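Each remark here refers to the structure printed beneath this line.
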Number of protein chains: 2
Amino acid sequence: MLAPWRSPLSSAIHRNRSKPYSRYFQLATVTTEGYPANRTVVFRGFLNNEQNSLKIITDTRSAKIQDIEHQAIAEVCWYFTKTREQFRISGNLQLITAAQTDDNLQLARQTTWHNLSAAARAQFAWPNPGKPAADQAEFDILPPDADTPLDNFCLLLLTPKKIDHLQLRGDPQQRCLYILESDRTWSVQPVNP
Amino acid sequence: MLAPWRSPLSSAIHRNRSKPYSRYFQLATVTTEGYPANRTVVFRGFLNNEQNSLKIITDTRSAKIQDIEHQAIAEVCWYFTKTREQFRISGNLQLITAAQTDDNLQLARQTTWHNLSAAARAQFAWPNPGKPAADQAEFDILPPDADTPLDNFCLLLLTPKKIDHLQLRGDPQQRCLYILESDRTWSVQPVNP
């Protein structure tokens, strides 16, 4: 069943759809040293469209993999510039790698790869991210096949446990907390902005 | 002396200046439980314009205060939509409260308050943020005096130690790391995107 925060989030995605960057959000994790890390990633839709997990992609060579293997918890901050609203989404992360044995999750990984643009797929064949800059020639490669994800391609799922929705429009601003309770239902609490 | 990352950052701020939201960025901290927290805040300029510390404001009643008192380290993710570039800025945080005894820092706090819009100042007189929603009437208040910061108003300084600048435009993308070395100089290293 769709969580109660899905409707306002879908509405925000829809009303901001003219801006391609409205599908970007900032993913915060904690490093193995206990420090915050924060980077922009792209929203790739919901798992199977009808589950509440958000899809992200990442590369096994990316620094965030160590953060996630150490502590699979994140908070996403998703600000929509046109409608001036923010969703803070915290929850658990799950990495779906080439080694994933659950058929449905492996299929989701393959489908997500298939739906990428050729340019996005090509990045997974680029030289090692974060290492001293390689020659330009090493980036001039043909995009990998759409039907066969490269081994370093990961699907990353964020399964929310708490959502903090703030709307800056309105006088006063509106803010609402959605919390996943121990009985798996969602509580909804309007709070002060 | 201005750090070498100041020039590309100033250029990004300038070239994106038509978008008011280009002065918003996402501030990640770690909670007392060790979990990531992430929220949008507003860039309020550099300390005295010529130091490398970024100015942010916050409310002593905000949840992020506990994070900062526990561990005064943050990573900012600042994505510029028009020029398609990201600055990840990690460093130390310093809270400048009403109790701050350093005259220059207290003056910076007062000047920052003075430069706020009346609407921004009024938020510091609103009911307690994050608590169950108060009556509308409690938000209908006159803005506080511009010359006297409310006690709950804090200036928050981020003093960078590492900057990761990614430019998505260009083929391939460009990425550069700026790191504050132990001799207080900045190293500059182009790396793979």
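Convention: chains lettered A, B, ... in structure tokens order; per-chain residue numbering from 1; ligands numbered from 1 as shown.
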At a cut-off of 7 Å, can you tabulate as a tab-separated table every residue of chain A near chain B together with its closest atom pair and the distance in Å to one decimal, using only C-alpha atoms and ordering rows by chain then number?
residue	atom	partner	partner_atom	distance
A:Tyr21	CA	B:Thr81	CA	6.7
A:Ala28	CA	B:Pro36	CA	5.9
A:Thr29	CA	B:Pro36	CA	5.3
A:Val30	CA	B:Pro36	CA	5.9
A:Tyr35	CA	B:Ile73	CA	6.9
A:Pro36	CA	B:Thr29	CA	5.3
A:Ala37	CA	B:Glu75	CA	5.7
A:Asn38	CA	B:Cys77	CA	5.7
A:Arg39	CA	B:Cys77	CA	5.7
A:Ile73	CA	B:Tyr35	CA	6.9
A:Ala74	CA	B:Pro36	CA	5.9
A:Glu75	CA	B:Ala37	CA	5.7
A:Val76	CA	B:Asn38	CA	6.6
A:Cys77	CA	B:Arg39	CA	5.7
A:Thr81	CA	B:Tyr21	CA	6.7
A:Arg88	CA	B:Arg39	CA	6.9
A:Pro127	CA	B:Asn192	CA	6.8
A:Asn128	CA	B:Asn192	CA	6.6
A:Pro129	CA	B:Asn192	CA	4.8
A:Gly130	CA	B:Asn192	CA	5.1
A:Lys131	CA	B:Val191	CA	5.2
A:Pro132	CA	B:Val191	CA	4.2
A:Ala133	CA	B:Val191	CA	4.1
A:Ala134	CA	B:Asn192	CA	6.5
A:Phe139	CA	B:Pro172	CA	6.5
A:Pro172	CA	B:Phe139	CA	6.5
A:Pro190	CA	B:Ala133	CA	5.5
A:Val191	CA	B:Ala133	CA	4.1
A:Asn192	CA	B:Ala133	CA	4.6
A:Pro193	CA	B:Pro129	CA	5.3
Item to complete: Could you pull out the residues in segment 4-145 of chain A that DSSP calls alpha helix (DSSP H) from the backbone, as a VMD selection string?
Response: chain A and resid 6 to 15 64 to 70 103 to 115 118 to 122
Discussion item. Can you tell me which residues surround segment 99-101 of chain A at a distance of at most 12 Å, considering only C-alpha atoms, apart from same-chain residues fewer than 5 positions away, and format the answer as a ChimeraX atom specification?
Written reply: /A:60,94,106-110,149-156
File of the preceding selection, N, CA and C atoms, as an mmCIF file, in the first residue's frame:
data_model
loop_
_atom_site.group_PDB
_atom_site.id
_atom_site.type_symbol
_atom_site.label_atom_id
_atom_site.label_comp_id
_atom_site.auth_asym_id
_atom_site.auth_seq_id
_atom_site.Cartn_x
_atom_site.Cartn_y
_atom_site.Cartn_z
ATOM 1 N N THR A 60 30.246 0.658 -7.706
ATOM 2 C CA THR A 60 30.970 0.006 -6.603
ATOM 3 C C THR A 60 32.299 0.694 -6.309
ATOM 4 N N GLN A 94 19.768 -0.149 0.874
ATOM 5 C CA GLN A 94 20.104 -1.511 0.476
ATOM 6 C C GLN A 94 20.805 -1.467 -0.872
ATOM 7 N N GLN A 106 17.356 -8.482 -8.446
ATOM 8 C CA GLN A 106 18.313 -8.528 -9.562
ATOM 9 C C GLN A 106 17.637 -8.032 -10.850
ATOM 10 N N LEU A 107 16.377 -8.394 -11.018
ATOM 11 C CA LEU A 107 15.635 -7.906 -12.185
ATOM 12 C C LEU A 107 15.475 -6.387 -12.134
ATOM 13 N N ALA A 108 15.203 -5.864 -10.930
ATOM 14 C CA ALA A 108 15.077 -4.401 -10.782
ATOM 15 C C ALA A 108 16.395 -3.723 -11.148
ATOM 16 N N ARG A 109 17.525 -4.331 -10.746
ATOM 17 C CA ARG A 109 18.840 -3.779 -11.106
ATOM 18 C C ARG A 109 19.011 -3.764 -12.624
ATOM 19 N N GLN A 110 18.646 -4.882 -13.267
ATOM 20 C CA GLN A 110 18.829 -4.968 -14.720
ATOM 21 C C GLN A 110 17.902 -3.997 -15.464
ATOM 22 N N PRO A 149 24.216 -5.267 -17.460
ATOM 23 C CA PRO A 149 24.828 -4.284 -16.553
ATOM 24 C C PRO A 149 26.287 -4.623 -16.293
ATOM 25 N N LEU A 150 27.131 -3.610 -16.261
ATOM 26 C CA LEU A 150 28.509 -3.843 -15.847
ATOM 27 C C LEU A 150 28.521 -4.269 -14.378
ATOM 28 N N ASP A 151 29.553 -5.042 -14.008
ATOM 29 C CA ASP A 151 29.615 -5.589 -12.639
ATOM 30 C C ASP A 151 29.662 -4.503 -11.572
ATOM 31 N N ASN A 152 30.218 -3.325 -11.920
ATOM 32 C CA ASN A 152 30.327 -2.261 -10.916
ATOM 33 C C ASN A 152 29.063 -1.419 -10.794
ATOM 34 N N PHE A 153 28.029 -1.756 -11.563
ATOM 35 C CA PHE A 153 26.762 -1.017 -11.490
ATOM 36 C C PHE A 153 25.912 -1.552 -10.342
ATOM 37 N N CYS A 154 25.489 -0.640 -9.458
ATOM 38 C CA CYS A 154 24.628 -1.009 -8.327
ATOM 39 C C CYS A 154 23.333 -0.236 -8.366
ATOM 40 N N LEU A 155 22.272 -0.925 -8.023
ATOM 41 C CA LEU A 155 21.026 -0.254 -7.674
ATOM 42 C C LEU A 155 21.076 -0.017 -6.164
ATOM 43 N N LEU A 156 20.651 1.160 -5.754
ATOM 44 C CA LEU A 156 20.658 1.501 -4.331
ATOM 45 C C LEU A 156 19.225 1.874 -3.949
#
Fill in: atom CA of Gln167 of chain B to atom CA of Thr148 of chain A, straight-line distance in Å
28.3 Å
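Residues in contact with Ala122 of chain A at 8 Å, where only C-alpha atoms are counted and same-chain residues fewer than 6 positions away are skipped, are listed as Ile141, Leu142, Pro143 and Pro144 of chain A.
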Would you save the residues of that selection, restricted to C-alpha atoms, as an mmCIF file, in the first residue's frame?
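The resulting file, out27.cif, is reproduced below:
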data_model
loop_
_atom_site.group_PDB
_atom_site.id
_atom_site.type_symbol
_atom_site.label_atom_id
_atom_site.label_comp_id
_atom_site.auth_asym_id
_atom_site.auth_seq_id
_atom_site.Cartn_x
_atom_site.Cartn_y
_atom_site.Cartn_z
ATOM 1 C CA ILE A 141 34.497 4.740 -25.027
ATOM 2 C CA LEU A 142 31.438 3.165 -26.539
ATOM 3 C CA PRO A 143 28.473 2.860 -24.155
ATOM 4 C CA PRO A 144 28.129 -0.626 -22.631
#
Item to complete: Mind giving me the straight-line distance from atom CA of Lys64 of chain B to atom CA of Leu95 of chain B in Å, one decimal?
Response: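 Atom-to-atom, atom CA of Lys64 of chain B and atom CA of Leu95 of chain B are spaced 10.9 Å apart.
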